[in-house]
$ cat data.cif   # mmCIF, C-alpha atoms (C1' of nucleotides)
data_final
#
loop_
_atom_site.label_atom_id
_atom_site.label_comp_id
_atom_site.auth_asym_id
_atom_site.auth_seq_id
_atom_site.Cartn_x
_atom_site.Cartn_y
_atom_site.Cartn_z
CA MET A 30 0.00 0.00 0.00
CA THR A 31 2.85 2.29 -0.79
CA GLN A 32 0.91 4.56 -3.08
CA SER A 33 -1.90 4.71 -5.63
CA ASP A 34 -4.46 5.30 -2.93
CA ASP A 35 -7.78 4.39 -4.38
CA SER A 36 -11.10 5.88 -3.55
CA ALA A 37 -10.02 7.68 -0.43
CA GLY A 38 -6.49 8.92 -0.78
CA GLU A 39 -6.59 12.16 -2.71
CA ARG A 40 -7.82 15.13 -0.83
CA ILE A 41 -11.09 16.66 -1.86
CA THR A 42 -10.95 20.41 -2.18
CA ASP A 43 -13.49 22.95 -1.13
CA ALA A 44 -15.01 23.40 -4.56
CA GLU A 45 -15.05 19.69 -5.14
CA HIS A 46 -16.73 19.17 -1.84
CA ALA A 47 -19.75 21.15 -2.97
CA VAL A 48 -20.12 18.76 -5.87
CA MET A 49 -19.76 15.77 -3.61
CA GLU A 50 -22.49 17.04 -1.35
CA ALA A 51 -24.87 17.27 -4.27
CA LEU A 52 -24.12 13.68 -5.18
CA TRP A 53 -24.25 12.37 -1.67
CA ASP A 54 -27.61 13.95 -1.42
CA ARG A 55 -28.72 12.29 -4.62
CA PRO A 56 -26.41 9.88 -6.43
CA ARG A 57 -26.42 9.08 -10.13
CA GLN A 58 -26.79 12.57 -11.47
CA THR A 59 -25.49 14.01 -14.71
CA ALA A 60 -23.19 16.99 -14.89
CA ALA A 61 -26.11 19.19 -15.83
CA GLU A 62 -28.14 17.98 -12.89
CA VAL A 63 -25.34 18.61 -10.50
CA CYS A 64 -24.94 22.03 -12.02
CA SER A 65 -28.59 22.75 -11.51
CA ILE A 66 -27.93 22.27 -7.84
CA VAL A 67 -24.60 23.91 -7.26
CA CYS A 68 -24.05 26.36 -10.08
CA THR A 69 -26.36 29.09 -8.94
CA PRO A 70 -25.39 29.24 -5.28
CA ARG A 71 -21.69 29.10 -6.06
CA GLY A 72 -21.85 31.22 -9.17
CA TRP A 73 -20.35 28.52 -11.32
CA SER A 74 -20.75 27.65 -14.95
CA LEU A 75 -21.53 24.19 -16.19
CA ALA A 76 -17.98 23.97 -17.47
CA THR A 77 -16.67 24.38 -13.97
CA VAL A 78 -18.82 21.58 -12.69
CA LYS A 79 -17.62 19.31 -15.48
CA THR A 80 -14.04 20.02 -14.53
CA LEU A 81 -14.72 19.28 -10.90
CA LEU A 82 -16.52 16.08 -11.77
CA SER A 83 -13.62 14.93 -13.90
CA ARG A 84 -11.14 15.67 -11.19
CA LEU A 85 -13.21 13.83 -8.66
CA VAL A 86 -13.42 10.82 -10.92
CA GLN A 87 -9.66 10.91 -11.37
CA LYS A 88 -9.23 11.10 -7.66
CA GLY A 89 -11.39 8.07 -7.24
CA ALA A 90 -13.98 9.95 -5.24
CA LEU A 91 -16.68 9.55 -7.85
CA ALA A 92 -17.69 6.77 -10.18
CA ALA A 93 -18.89 7.67 -13.66
CA GLU A 94 -21.46 5.23 -14.88
CA PRO A 95 -22.03 5.47 -18.64
CA ASP A 96 -25.57 6.27 -19.58
CA GLY A 97 -25.80 6.65 -23.31
CA ARG A 98 -23.26 9.24 -24.29
CA ARG A 99 -23.08 10.83 -20.92
CA PHE A 100 -22.30 9.80 -17.36
CA LEU A 101 -24.15 9.43 -14.18
CA TYR A 102 -21.88 10.34 -11.32
CA THR A 103 -22.01 8.64 -7.99
CA PRO A 104 -19.85 8.98 -4.90
CA VAL A 105 -17.44 6.16 -4.32
CA ILE A 106 -16.54 7.27 -0.86
CA ALA A 107 -19.29 7.53 1.70
CA ARG A 108 -20.08 10.87 3.19
CA ASP A 109 -19.52 9.47 6.62
CA ALA A 110 -16.07 8.31 5.71
CA TYR A 111 -15.28 11.70 4.30
CA ILE A 112 -16.46 13.78 7.20
CA GLY A 113 -14.86 11.30 9.52
CA GLY A 114 -11.55 11.80 7.79
CA GLU A 115 -11.85 15.53 7.76
CA SER A 116 -12.88 15.66 11.37
CA ARG A 117 -9.98 13.53 12.34
CA ARG A 118 -7.60 15.65 10.37
CA LEU A 119 -8.78 18.70 12.24
CA VAL A 120 -8.56 17.01 15.58
CA ASP A 121 -5.09 15.77 14.81
CA ARG A 122 -3.84 19.06 13.50
CA LEU A 123 -5.32 21.38 16.06
CA PHE A 124 -5.97 19.31 19.11
CA GLY A 125 -3.16 16.81 19.05
CA GLY A 126 -5.53 14.04 18.20
CA ASN A 127 -7.55 14.55 21.33
CA ALA A 128 -11.14 14.89 20.28
CA ALA A 129 -12.25 15.78 23.75
CA SER A 130 -10.19 18.94 23.44
CA LEU A 131 -12.15 19.91 20.40
CA VAL A 132 -15.40 19.48 22.20
CA ALA A 133 -14.05 21.44 25.10
CA HIS A 134 -13.03 24.20 22.79
CA LEU A 135 -16.33 24.34 21.02
CA ALA A 136 -18.14 24.36 24.28
CA GLU A 137 -16.09 27.02 25.97
CA ARG A 138 -15.35 29.33 23.19
CA GLU A 139 -18.09 29.61 20.70
CA ALA A 140 -19.98 27.04 18.90
CA LEU A 141 -22.11 25.25 21.41
CA SER A 142 -25.36 26.65 22.64
CA PRO A 143 -26.93 25.34 25.82
CA ASP A 144 -29.22 23.49 23.52
CA ASP A 145 -26.30 21.83 21.81
CA LEU A 146 -24.92 20.88 25.16
CA ASP A 147 -28.16 19.17 25.99
CA GLN A 148 -28.08 17.28 22.75
CA ILE A 149 -24.56 16.14 23.33
CA ALA A 150 -25.21 15.18 26.87
CA ALA A 151 -28.10 13.03 25.75
CA LEU A 152 -25.93 11.48 23.12
CA LEU A 153 -23.22 10.70 25.59
CA LYS A 154 -25.56 9.11 28.01
CA GLU A 155 -26.67 6.82 25.25
CA LEU A 156 -23.19 5.99 24.09
CA ARG A 157 -21.90 5.25 27.50
CA ALA A 158 -24.73 2.97 28.39
CA MET B 6 -14.50 46.63 6.06
CA THR B 7 -14.41 45.96 2.37
CA GLN B 8 -11.00 44.41 2.39
CA SER B 9 -7.55 44.57 3.97
CA ASP B 10 -8.56 42.23 6.75
CA ASP B 11 -6.01 42.64 9.43
CA SER B 12 -4.69 40.01 11.73
CA ALA B 13 -7.34 37.44 11.06
CA GLY B 14 -8.52 37.63 7.49
CA GLU B 15 -6.05 35.73 5.37
CA ARG B 16 -6.16 32.00 5.65
CA ILE B 17 -3.23 30.25 7.18
CA THR B 18 -2.08 27.29 5.17
CA ASP B 19 -0.95 23.94 6.39
CA ALA B 20 2.74 24.66 6.13
CA GLU B 21 2.28 28.03 7.72
CA HIS B 22 0.35 26.46 10.51
CA ALA B 23 3.35 24.42 11.56
CA VAL B 24 5.29 27.64 11.94
CA MET B 25 2.50 29.22 13.89
CA GLU B 26 2.43 26.32 16.29
CA ALA B 27 6.09 26.74 17.03
CA LEU B 28 5.52 30.38 17.82
CA TRP B 29 2.39 29.85 19.82
CA ASP B 30 4.34 27.39 21.85
CA ARG B 31 7.10 29.90 22.40
CA PRO B 32 6.75 33.43 21.03
CA ARG B 33 9.56 35.78 20.09
CA GLN B 34 11.73 33.36 18.22
CA THR B 35 14.06 34.01 15.33
CA ALA B 36 13.78 32.29 11.99
CA ALA B 37 16.64 30.02 12.92
CA GLU B 38 15.00 29.08 16.18
CA VAL B 39 11.75 28.30 14.48
CA CYS B 40 13.64 26.23 11.97
CA SER B 41 15.34 24.31 14.73
CA ILE B 42 11.87 23.23 15.77
CA VAL B 43 10.06 22.60 12.53
CA CYS B 44 12.71 21.98 9.88
CA THR B 45 13.69 18.49 10.84
CA PRO B 46 10.26 16.97 11.32
CA ARG B 47 8.91 18.55 8.17
CA GLY B 48 12.06 18.16 6.15
CA TRP B 49 12.34 21.86 5.46
CA SER B 50 15.28 24.11 4.88
CA LEU B 51 15.80 27.36 6.71
CA ALA B 52 14.92 29.18 3.51
CA THR B 53 11.49 27.62 3.55
CA VAL B 54 10.87 28.76 7.08
CA LYS B 55 11.94 32.27 6.16
CA THR B 56 9.45 32.32 3.34
CA LEU B 57 6.68 31.09 5.56
CA LEU B 58 7.52 33.63 8.22
CA SER B 59 7.42 36.43 5.67
CA ARG B 60 4.11 35.31 4.31
CA LEU B 61 2.68 35.09 7.77
CA VAL B 62 3.86 38.58 8.58
CA GLN B 63 2.29 39.82 5.36
CA LYS B 64 -0.91 38.10 6.27
CA GLY B 65 -0.89 39.81 9.60
CA ALA B 66 -0.67 36.57 11.49
CA LEU B 67 2.76 37.29 12.90
CA ALA B 68 4.47 40.38 14.19
CA ALA B 69 8.16 40.85 13.49
CA GLU B 70 9.86 42.68 16.29
CA PRO B 71 13.28 44.00 15.30
CA ASP B 72 16.06 42.68 17.43
CA GLY B 73 19.33 44.01 16.12
CA ARG B 74 19.50 43.05 12.52
CA ARG B 75 17.04 40.24 12.76
CA PHE B 76 13.50 39.73 13.88
CA LEU B 77 11.76 38.02 16.67
CA TYR B 78 8.49 36.64 15.42
CA THR B 79 5.41 36.53 17.55
CA PRO B 80 1.86 35.49 16.77
CA VAL B 81 -0.59 38.31 16.40
CA ILE B 82 -3.58 36.06 16.38
CA ALA B 83 -4.19 33.89 19.37
CA ARG B 84 -4.13 30.17 18.97
CA ASP B 85 -7.58 29.99 20.44
CA ALA B 86 -8.93 32.34 17.84
CA TYR B 87 -7.31 30.33 15.12
CA ILE B 88 -8.50 26.94 16.19
CA GLY B 89 -11.87 28.44 16.90
CA GLY B 90 -12.09 29.70 13.37
CA GLU B 91 -10.90 26.46 11.87
CA SER B 92 -13.26 24.43 13.99
CA ARG B 93 -16.12 26.60 13.00
CA ARG B 94 -15.23 26.31 9.35
CA LEU B 95 -15.29 22.57 9.62
CA VAL B 96 -18.56 22.53 11.48
CA ASP B 97 -20.10 24.86 8.96
CA ARG B 98 -18.83 22.97 5.97
CA LEU B 99 -19.51 19.45 7.09
CA PHE B 100 -22.19 19.67 9.69
CA GLY B 101 -24.28 22.56 8.53
CA GLY B 102 -23.07 24.67 11.39
CA ASN B 103 -24.37 22.27 13.98
CA ALA B 104 -21.53 21.51 16.31
CA ALA B 105 -23.47 18.86 18.13
CA SER B 106 -23.51 16.88 14.91
CA LEU B 107 -19.77 16.91 14.89
CA VAL B 108 -19.60 15.57 18.38
CA ALA B 109 -22.16 12.98 17.51
CA HIS B 110 -20.15 11.93 14.54
CA LEU B 111 -16.91 11.71 16.44
CA ALA B 112 -18.58 9.72 19.13
CA GLU B 113 -20.36 7.28 16.90
CA ARG B 114 -17.91 6.74 14.19
CA GLU B 115 -14.38 6.85 15.27
CA ALA B 116 -12.57 9.38 17.25
CA LEU B 117 -13.85 9.11 20.75
CA SER B 118 -12.65 6.49 23.14
CA PRO B 119 -14.69 5.67 26.21
CA ASP B 120 -12.12 7.69 28.03
CA ASP B 121 -12.81 10.68 25.82
CA LEU B 122 -16.47 10.26 26.46
CA ASP B 123 -15.85 10.43 30.16
CA GLN B 124 -13.82 13.57 29.74
CA ILE B 125 -16.49 15.22 27.69
CA ALA B 126 -19.22 14.18 30.02
CA ALA B 127 -17.36 15.75 32.89
CA LEU B 128 -16.83 18.86 30.87
CA LEU B 129 -20.47 19.08 30.02
CA LYS B 130 -21.59 18.66 33.54
CA GLU B 131 -19.41 21.57 34.45
CA LEU B 132 -20.57 23.76 31.61
CA ARG B 133 -24.21 23.13 32.23
CA ALA B 134 -24.01 23.88 35.89
"C1'" DC C 10 40.57 45.58 7.44
"C1'" DG C 11 38.46 41.94 4.90
"C1'" DG C 12 35.94 38.05 4.12
"C1'" DC C 13 32.52 35.01 6.22
"C1'" DA C 14 28.39 33.92 8.44
"C1'" DA C 15 23.86 35.19 9.60
"C1'" DT C 16 19.45 37.39 8.13
"C1'" DG C 17 15.90 39.36 5.78
"C1'" DT C 18 14.30 40.22 0.77
"C1'" DT C 19 13.55 39.00 -3.88
"C1'" DT C 20 12.96 35.82 -7.26
"C1'" DA C 21 11.94 31.09 -8.82
"C1'" DC C 22 9.51 27.21 -10.06
"C1'" DA C 23 6.53 23.12 -9.94
"C1'" DT C 24 1.84 21.79 -8.33
"C1'" DT C 25 -2.76 22.39 -7.05
"C1'" DC C 26 -7.03 24.91 -7.19
"C1'" DG C 27 -10.68 27.70 -8.99
"C1'" DT C 28 -12.82 28.80 -12.90
"C1'" DA C 29 -13.53 28.36 -17.56
"C1'" DA C 30 -13.24 28.30 -22.83
"C1'" DT C 31 -12.54 25.37 -26.64
"C1'" DC C 32 -12.53 21.10 -29.17
"C1'" DG C 33 -14.30 16.78 -30.95
"C1'" DT C 34 -18.07 13.85 -31.54
"C1'" DG C 35 -22.24 11.90 -31.87
"C1'" DG C 36 -27.31 12.19 -31.61
"C1'" DT C 37 -31.55 14.92 -33.26
"C1'" DG C 38 -34.96 17.83 -34.92
"C1'" DA C 39 -36.21 20.28 -39.19
"C1'" DT D 5 -29.20 15.06 -44.62
"C1'" DC D 6 -27.40 18.76 -42.05
"C1'" DA D 7 -26.94 22.32 -38.84
"C1'" DC D 8 -26.90 22.37 -34.08
"C1'" DC D 9 -26.81 20.97 -29.49
"C1'" DA D 10 -25.45 18.22 -25.57
"C1'" DC D 11 -21.49 16.14 -23.47
"C1'" DG D 12 -17.10 14.64 -22.12
"C1'" DA D 13 -12.10 15.67 -22.95
"C1'" DT D 14 -8.49 18.81 -23.53
"C1'" DT D 15 -6.34 22.97 -22.77
"C1'" DA D 16 -5.91 27.46 -20.35
"C1'" DC D 17 -4.60 30.56 -17.06
"C1'" DG D 18 -4.13 33.24 -12.90
"C1'" DA D 19 -3.71 32.75 -7.80
"C1'" DA D 20 -2.16 30.18 -3.95
"C1'" DT D 21 1.06 26.86 -1.97
"C1'" DG D 22 5.15 24.29 -0.97
"C1'" DT D 23 9.72 24.51 -1.29
"C1'" DA D 24 13.75 26.80 -1.98
"C1'" DA D 25 17.88 29.32 -4.26
"C1'" DA D 26 19.99 33.80 -5.17
"C1'" DC D 27 20.89 38.32 -3.56
"C1'" DA D 28 21.87 42.17 -0.48
"C1'" DT D 29 23.44 43.77 3.81
"C1'" DT D 30 25.86 43.95 7.88
"C1'" DG D 31 27.99 42.68 12.18
"C1'" DC D 32 31.88 40.01 13.70
"C1'" DC D 33 36.15 36.93 13.83
"C1'" DG D 34 40.63 36.66 12.57
#
$ encode --input "data.cif" --output "structure tokens"
Amino acid sequence: MTQSDDSAGERITDAEHAVMEALWDRPRQTAAEVCSIVCTPRGWSLATVKTLLSRLVQKGALAAEPDGRRFLYTPVIARDAYIGGESRRLVDRLFGGNAASLVAHLAEREALSPDDLDQIAALLKELRA
Amino acid sequence: MTQSDDSAGERITDAEHAVMEALWDRPRQTAAEVCSIVCTPRGWSLATVKTLLSRLVQKGALAAEPDGRRFLYTPVIARDAYIGGESRRLVDRLFGGNAASLVAHLAEREALSPDDLDQIAALLKELRA
DNA sequence: CGGCAATGTTTACATTCGTAATCGTGGTGA
DNA sequence: TCACCACGATTACGAATGTAAACATTGCCG
């Protein structure tokens, strides 16, 4: 496993991520369909989406299933795996791999409302059962 | 506030982040000192560190305090602010801004050991007091 | 005093990313 | 049939990034 990481190795960029989200939400879409979802909010042209789709296929993040003379694109990597990887990267980089530190930070400094805290507490109770 | 974001606007890259960490850990270091910390693990040359330091100063992330004919570099932005921003970015991008989802994900899928869960639970109890 | 070592500054260069335009090709409606 | 359109593939191109060498300056050792 020295190299040639398949289907999970290459990093997905910010722009690409928007495309992935569209396809996680609904797999097997054409370039035009994806564009109909992401082009307007991001101010992209169809061409841009095509480029991103190609790059994602190259990276092994998407599969392109032939459908006549076009392709239906579908994520190869699961969203969960992706966000898991990204989360871990953040935790590793900024919190020395200690996820609890991240939670602590979020809680103390900004992101967690009392409501969030309740949610998490409930979650924890469940997980620690 | 149209542009010229000072001291927090420009994004800090991965490589730059390593330099920042060294200076958050101990402020007021020279380029050579920073290099003595980061060059070996990252396989960098002193020149690389110099470039990164310059870029960080330009970005307003570091202050360069003259010390004779060299500079002592010191973070302008606090580590907390940085990791807060990065954490928020992640939460926004991957969890629709809902930090509790991130915690849920970490807990369910991979990053949290039972020990972490205990830590977080303790933390929460404290915060919700 | 003169050259070297240390330092910041400038310049360099390959890669990746964001964002497209253009090209080639094959189906399709008139 | 034929002009055109829908698509993927190829090419483009500037900005950012990673990584560094070359250059300029200046204090210091010999």
$ interface_residues --input "data.cif" --of "chain B" --to "chain D" --cutoff "8 Å" --atoms "only C-alpha atoms (C1' of nucleotides)" --output "PyMOL selection string"
chain B and resi 18+20+49-50+52-53+74
$ interface_residues --input "data.cif" --of "chain A" --to "chain B" --cutoff "7 Å" --atoms "all atoms listed in the file" --output "PyMOL selection string"
chain A and resi 112+117+123+128-129+132-133+140-141+145-146+148-150+152-153
$ calpha_fit_and_write --input "data.cif" --fixed "chain A" --moving "chain B" --output "compact mmCIF listing (two decimals) with C-alpha atoms, in the coordinates of the input"
# COMPACT_ATOMS: atom_id res chain seq x y z
CA MET B 6 0.52 0.35 -0.67
CA THR B 7 3.23 2.67 -1.80
CA GLN B 8 0.98 4.85 -3.85
CA SER B 9 -2.06 4.87 -6.13
CA ASP B 10 -4.42 5.27 -3.21
CA ASP B 11 -7.79 4.33 -4.47
CA SER B 12 -11.08 5.81 -3.48
CA ALA B 13 -9.87 7.60 -0.42
CA GLY B 14 -6.34 8.82 -0.87
CA GLU B 15 -6.48 12.06 -2.79
CA ARG B 16 -7.71 15.04 -0.90
CA ILE B 17 -10.98 16.56 -1.90
CA THR B 18 -10.82 20.30 -2.23
CA ASP B 19 -13.34 22.85 -1.16
CA ALA B 20 -14.87 23.32 -4.57
CA GLU B 21 -14.95 19.61 -5.15
CA HIS B 22 -16.61 19.12 -1.84
CA ALA B 23 -19.61 21.13 -2.95
CA VAL B 24 -20.02 18.74 -5.84
CA MET B 25 -19.66 15.76 -3.58
CA GLU B 26 -22.37 17.06 -1.31
CA ALA B 27 -24.78 17.31 -4.19
CA LEU B 28 -24.07 13.72 -5.10
CA TRP B 29 -24.18 12.41 -1.58
CA ASP B 30 -27.53 14.04 -1.29
CA ARG B 31 -28.71 12.38 -4.46
CA PRO B 32 -26.43 9.96 -6.29
CA ARG B 33 -26.49 9.15 -9.99
CA GLN B 34 -26.82 12.63 -11.33
CA THR B 35 -25.55 14.05 -14.59
CA ALA B 36 -23.22 17.00 -14.81
CA ALA B 37 -26.11 19.22 -15.75
CA GLU B 38 -28.13 18.05 -12.78
CA VAL B 39 -25.27 18.66 -10.43
CA CYS B 40 -24.85 22.08 -11.94
CA SER B 41 -28.50 22.84 -11.42
CA ILE B 42 -27.81 22.36 -7.74
CA VAL B 43 -24.44 23.95 -7.19
CA CYS B 44 -23.89 26.41 -10.03
CA THR B 45 -26.17 29.15 -8.88
CA PRO B 46 -25.18 29.32 -5.23
CA ARG B 47 -21.50 29.12 -6.03
CA GLY B 48 -21.65 31.21 -9.15
CA TRP B 49 -20.19 28.49 -11.31
CA SER B 50 -20.64 27.63 -14.93
CA LEU B 51 -21.45 24.16 -16.16
CA ALA B 52 -17.91 23.90 -17.46
CA THR B 53 -16.58 24.31 -13.96
CA VAL B 54 -18.75 21.53 -12.67
CA LYS B 55 -17.58 19.28 -15.48
CA THR B 56 -14.00 19.91 -14.53
CA LEU B 57 -14.67 19.19 -10.91
CA LEU B 58 -16.52 16.01 -11.76
CA SER B 59 -13.63 14.82 -13.90
CA ARG B 60 -11.11 15.55 -11.21
CA LEU B 61 -13.19 13.74 -8.67
CA VAL B 62 -13.47 10.72 -10.92
CA GLN B 63 -9.71 10.78 -11.41
CA LYS B 64 -9.24 10.97 -7.70
CA GLY B 65 -11.43 7.97 -7.26
CA ALA B 66 -13.98 9.87 -5.26
CA LEU B 67 -16.71 9.49 -7.84
CA ALA B 68 -17.77 6.72 -10.15
CA ALA B 69 -19.02 7.61 -13.61
CA GLU B 70 -21.64 5.19 -14.78
CA PRO B 71 -22.27 5.43 -18.52
CA ASP B 72 -25.82 6.27 -19.38
CA GLY B 73 -26.12 6.61 -23.12
CA ARG B 74 -23.60 9.16 -24.15
CA ARG B 75 -23.29 10.77 -20.79
CA PHE B 76 -22.47 9.76 -17.28
CA LEU B 77 -24.27 9.44 -14.06
CA TYR B 78 -21.94 10.34 -11.24
CA THR B 79 -22.05 8.63 -7.91
CA PRO B 80 -19.85 8.95 -4.85
CA VAL B 81 -17.46 6.11 -4.29
CA ILE B 82 -16.51 7.24 -0.86
CA ALA B 83 -19.20 7.51 1.73
CA ARG B 84 -19.97 10.85 3.23
CA ASP B 85 -19.38 9.41 6.65
CA ALA B 86 -15.92 8.30 5.71
CA TYR B 87 -15.16 11.70 4.31
CA ILE B 88 -16.36 13.75 7.21
CA GLY B 89 -14.72 11.27 9.52
CA GLY B 90 -11.42 11.81 7.81
CA GLU B 91 -11.77 15.56 7.77
CA SER B 92 -12.80 15.66 11.39
CA ARG B 93 -9.88 13.56 12.35
CA ARG B 94 -7.51 15.75 10.41
CA LEU B 95 -8.76 18.76 12.26
CA VAL B 96 -8.54 17.07 15.61
CA ASP B 97 -5.04 15.89 14.86
CA ARG B 98 -3.86 19.22 13.59
CA LEU B 99 -5.39 21.48 16.16
CA PHE B 100 -6.00 19.38 19.19
CA GLY B 101 -3.15 16.95 19.14
CA GLY B 102 -5.48 14.14 18.26
CA ASN B 103 -7.55 14.60 21.36
CA ALA B 104 -11.13 14.89 20.27
CA ALA B 105 -12.32 15.76 23.73
CA SER B 106 -10.28 18.94 23.47
CA LEU B 107 -12.23 19.89 20.42
CA VAL B 108 -15.49 19.42 22.19
CA ALA B 109 -14.18 21.35 25.12
CA HIS B 110 -13.16 24.16 22.87
CA LEU B 111 -16.45 24.29 21.05
CA ALA B 112 -18.29 24.27 24.31
CA GLU B 113 -16.26 26.92 26.03
CA ARG B 114 -15.54 29.28 23.29
CA GLU B 115 -18.23 29.60 20.79
CA ALA B 116 -20.05 27.00 18.90
CA LEU B 117 -22.26 25.25 21.36
CA SER B 118 -25.55 26.65 22.47
CA PRO B 119 -27.16 25.37 25.63
CA ASP B 120 -29.40 23.47 23.31
CA ASP B 121 -26.42 21.81 21.68
CA LEU B 122 -25.12 20.92 25.07
CA ASP B 123 -28.36 19.19 25.86
CA GLN B 124 -28.20 17.27 22.63
CA ILE B 125 -24.69 16.15 23.28
CA ALA B 126 -25.41 15.22 26.83
CA ALA B 127 -28.24 13.03 25.67
CA LEU B 128 -26.02 11.49 23.08
CA LEU B 129 -23.36 10.76 25.61
CA LYS B 130 -25.70 9.17 28.01
CA GLU B 131 -26.76 6.86 25.26
CA LEU B 132 -23.25 6.04 24.14
CA ARG B 133 -22.00 5.34 27.61
CA ALA B 134 -24.83 3.04 28.46
$ closest_residue --input "data.cif" --among "A:Ala60, A:Val105, A:Ala158, A:Cys68" --to "chain C" --atoms "only C-alpha atoms (C1' of nucleotides)"
A:Cys68
$ resolve_selection --input "data.cif" --expression "the PyMOL selection byres ((chain A and resi 63) around 12)" --output "PDB file with C-alpha atoms, in the coordinates of the input"
ATOM      1  CA  GLU A  45     -15.050  19.690  -5.140  1.00  0.00           C
ATOM      2  CA  ALA A  47     -19.750  21.150  -2.970  1.00  0.00           C
ATOM      3  CA  VAL A  48     -20.120  18.760  -5.870  1.00  0.00           C
ATOM      4  CA  MET A  49     -19.760  15.770  -3.610  1.00  0.00           C
ATOM      5  CA  GLU A  50     -22.490  17.040  -1.350  1.00  0.00           C
ATOM      6  CA  ALA A  51     -24.870  17.270  -4.270  1.00  0.00           C
ATOM      7  CA  LEU A  52     -24.120  13.680  -5.180  1.00  0.00           C
ATOM      8  CA  TRP A  53     -24.250  12.370  -1.670  1.00  0.00           C
ATOM      9  CA  ASP A  54     -27.610  13.950  -1.420  1.00  0.00           C
ATOM     10  CA  ARG A  55     -28.720  12.290  -4.620  1.00  0.00           C
ATOM     11  CA  PRO A  56     -26.410   9.880  -6.430  1.00  0.00           C
ATOM     12  CA  ARG A  57     -26.420   9.080 -10.130  1.00  0.00           C
ATOM     13  CA  GLN A  58     -26.790  12.570 -11.470  1.00  0.00           C
ATOM     14  CA  THR A  59     -25.490  14.010 -14.710  1.00  0.00           C
ATOM     15  CA  ALA A  60     -23.190  16.990 -14.890  1.00  0.00           C
ATOM     16  CA  ALA A  61     -26.110  19.190 -15.830  1.00  0.00           C
ATOM     17  CA  GLU A  62     -28.140  17.980 -12.890  1.00  0.00           C
ATOM     18  CA  CYS A  64     -24.940  22.030 -12.020  1.00  0.00           C
ATOM     19  CA  SER A  65     -28.590  22.750 -11.510  1.00  0.00           C
ATOM     20  CA  ILE A  66     -27.930  22.270  -7.840  1.00  0.00           C
ATOM     21  CA  VAL A  67     -24.600  23.910  -7.260  1.00  0.00           C
ATOM     22  CA  CYS A  68     -24.050  26.360 -10.080  1.00  0.00           C
ATOM     23  CA  THR A  69     -26.360  29.090  -8.940  1.00  0.00           C
ATOM     24  CA  PRO A  70     -25.390  29.240  -5.280  1.00  0.00           C
ATOM     25  CA  ARG A  71     -21.690  29.100  -6.060  1.00  0.00           C
ATOM     26  CA  TRP A  73     -20.350  28.520 -11.320  1.00  0.00           C
ATOM     27  CA  SER A  74     -20.750  27.650 -14.950  1.00  0.00           C
ATOM     28  CA  LEU A  75     -21.530  24.190 -16.190  1.00  0.00           C
ATOM     29  CA  ALA A  76     -17.980  23.970 -17.470  1.00  0.00           C
ATOM     30  CA  THR A  77     -16.670  24.380 -13.970  1.00  0.00           C
ATOM     31  CA  VAL A  78     -18.820  21.580 -12.690  1.00  0.00           C
ATOM     32  CA  LYS A  79     -17.620  19.310 -15.480  1.00  0.00           C
ATOM     33  CA  LEU A  81     -14.720  19.280 -10.900  1.00  0.00           C
ATOM     34  CA  LEU A  82     -16.520  16.080 -11.770  1.00  0.00           C
ATOM     35  CA  PHE A 100     -22.300   9.800 -17.360  1.00  0.00           C
ATOM     36  CA  LEU A 101     -24.150   9.430 -14.180  1.00  0.00           C
ATOM     37  CA  TYR A 102     -21.880  10.340 -11.320  1.00  0.00           C
ATOM     38  CA  THR A 103     -22.010   8.640  -7.990  1.00  0.00           C
TER      39      THR A 103
END
$ resolve_selection --input "data.cif" --expression "the PyMOL selection byres ((chain C) within 10 of (chain B))" --output "number ranges by chain"
C: 15-18
$ atom_distance --input "data.cif" --atom1 "CA of Arg84 in chain A" --atom2 "C1' of DT25 in chain C"
11.5 Å
$ atom_distance --input "data.cif" --atom1 "CA of Ile106 in chain A" --atom2 "CA of Ala93 in chain A"
13.0 Å
$ atom_distance --input "data.cif" --atom1 "CA of Val62 in chain B" --atom2 "CA of Ala83 in chain B"
14.3 Å
$ decode --input "data.cif" --residues "range 38-56 of chain B" --atoms "C-alpha atoms" --output "PDB file, in the first residue's frame"
ATOM      1  CA  GLU B  38      15.000  29.075  16.180  1.00  0.00           C
ATOM      2  CA  VAL B  39      11.749  28.295  14.478  1.00  0.00           C
ATOM      3  CA  CYS B  40      13.642  26.232  11.969  1.00  0.00           C
ATOM      4  CA  SER B  41      15.337  24.305  14.729  1.00  0.00           C
ATOM      5  CA  ILE B  42      11.875  23.234  15.770  1.00  0.00           C
ATOM      6  CA  VAL B  43      10.064  22.595  12.533  1.00  0.00           C
ATOM      7  CA  CYS B  44      12.712  21.977   9.883  1.00  0.00           C
ATOM      8  CA  THR B  45      13.691  18.489  10.844  1.00  0.00           C
ATOM      9  CA  PRO B  46      10.259  16.974  11.322  1.00  0.00           C
ATOM     10  CA  ARG B  47       8.906  18.552   8.170  1.00  0.00           C
ATOM     11  CA  GLY B  48      12.062  18.156   6.145  1.00  0.00           C
ATOM     12  CA  TRP B  49      12.342  21.857   5.462  1.00  0.00           C
ATOM     13  CA  SER B  50      15.283  24.109   4.883  1.00  0.00           C
ATOM     14  CA  LEU B  51      15.797  27.361   6.706  1.00  0.00           C
ATOM     15  CA  ALA B  52      14.916  29.176   3.505  1.00  0.00           C
ATOM     16  CA  THR B  53      11.493  27.618   3.549  1.00  0.00           C
ATOM     17  CA  VAL B  54      10.874  28.756   7.077  1.00  0.00           C
ATOM     18  CA  LYS B  55      11.943  32.265   6.156  1.00  0.00           C
ATOM     19  CA  THR B  56       9.451  32.318   3.336  1.00  0.00           C
TER      20      THR B  56
END
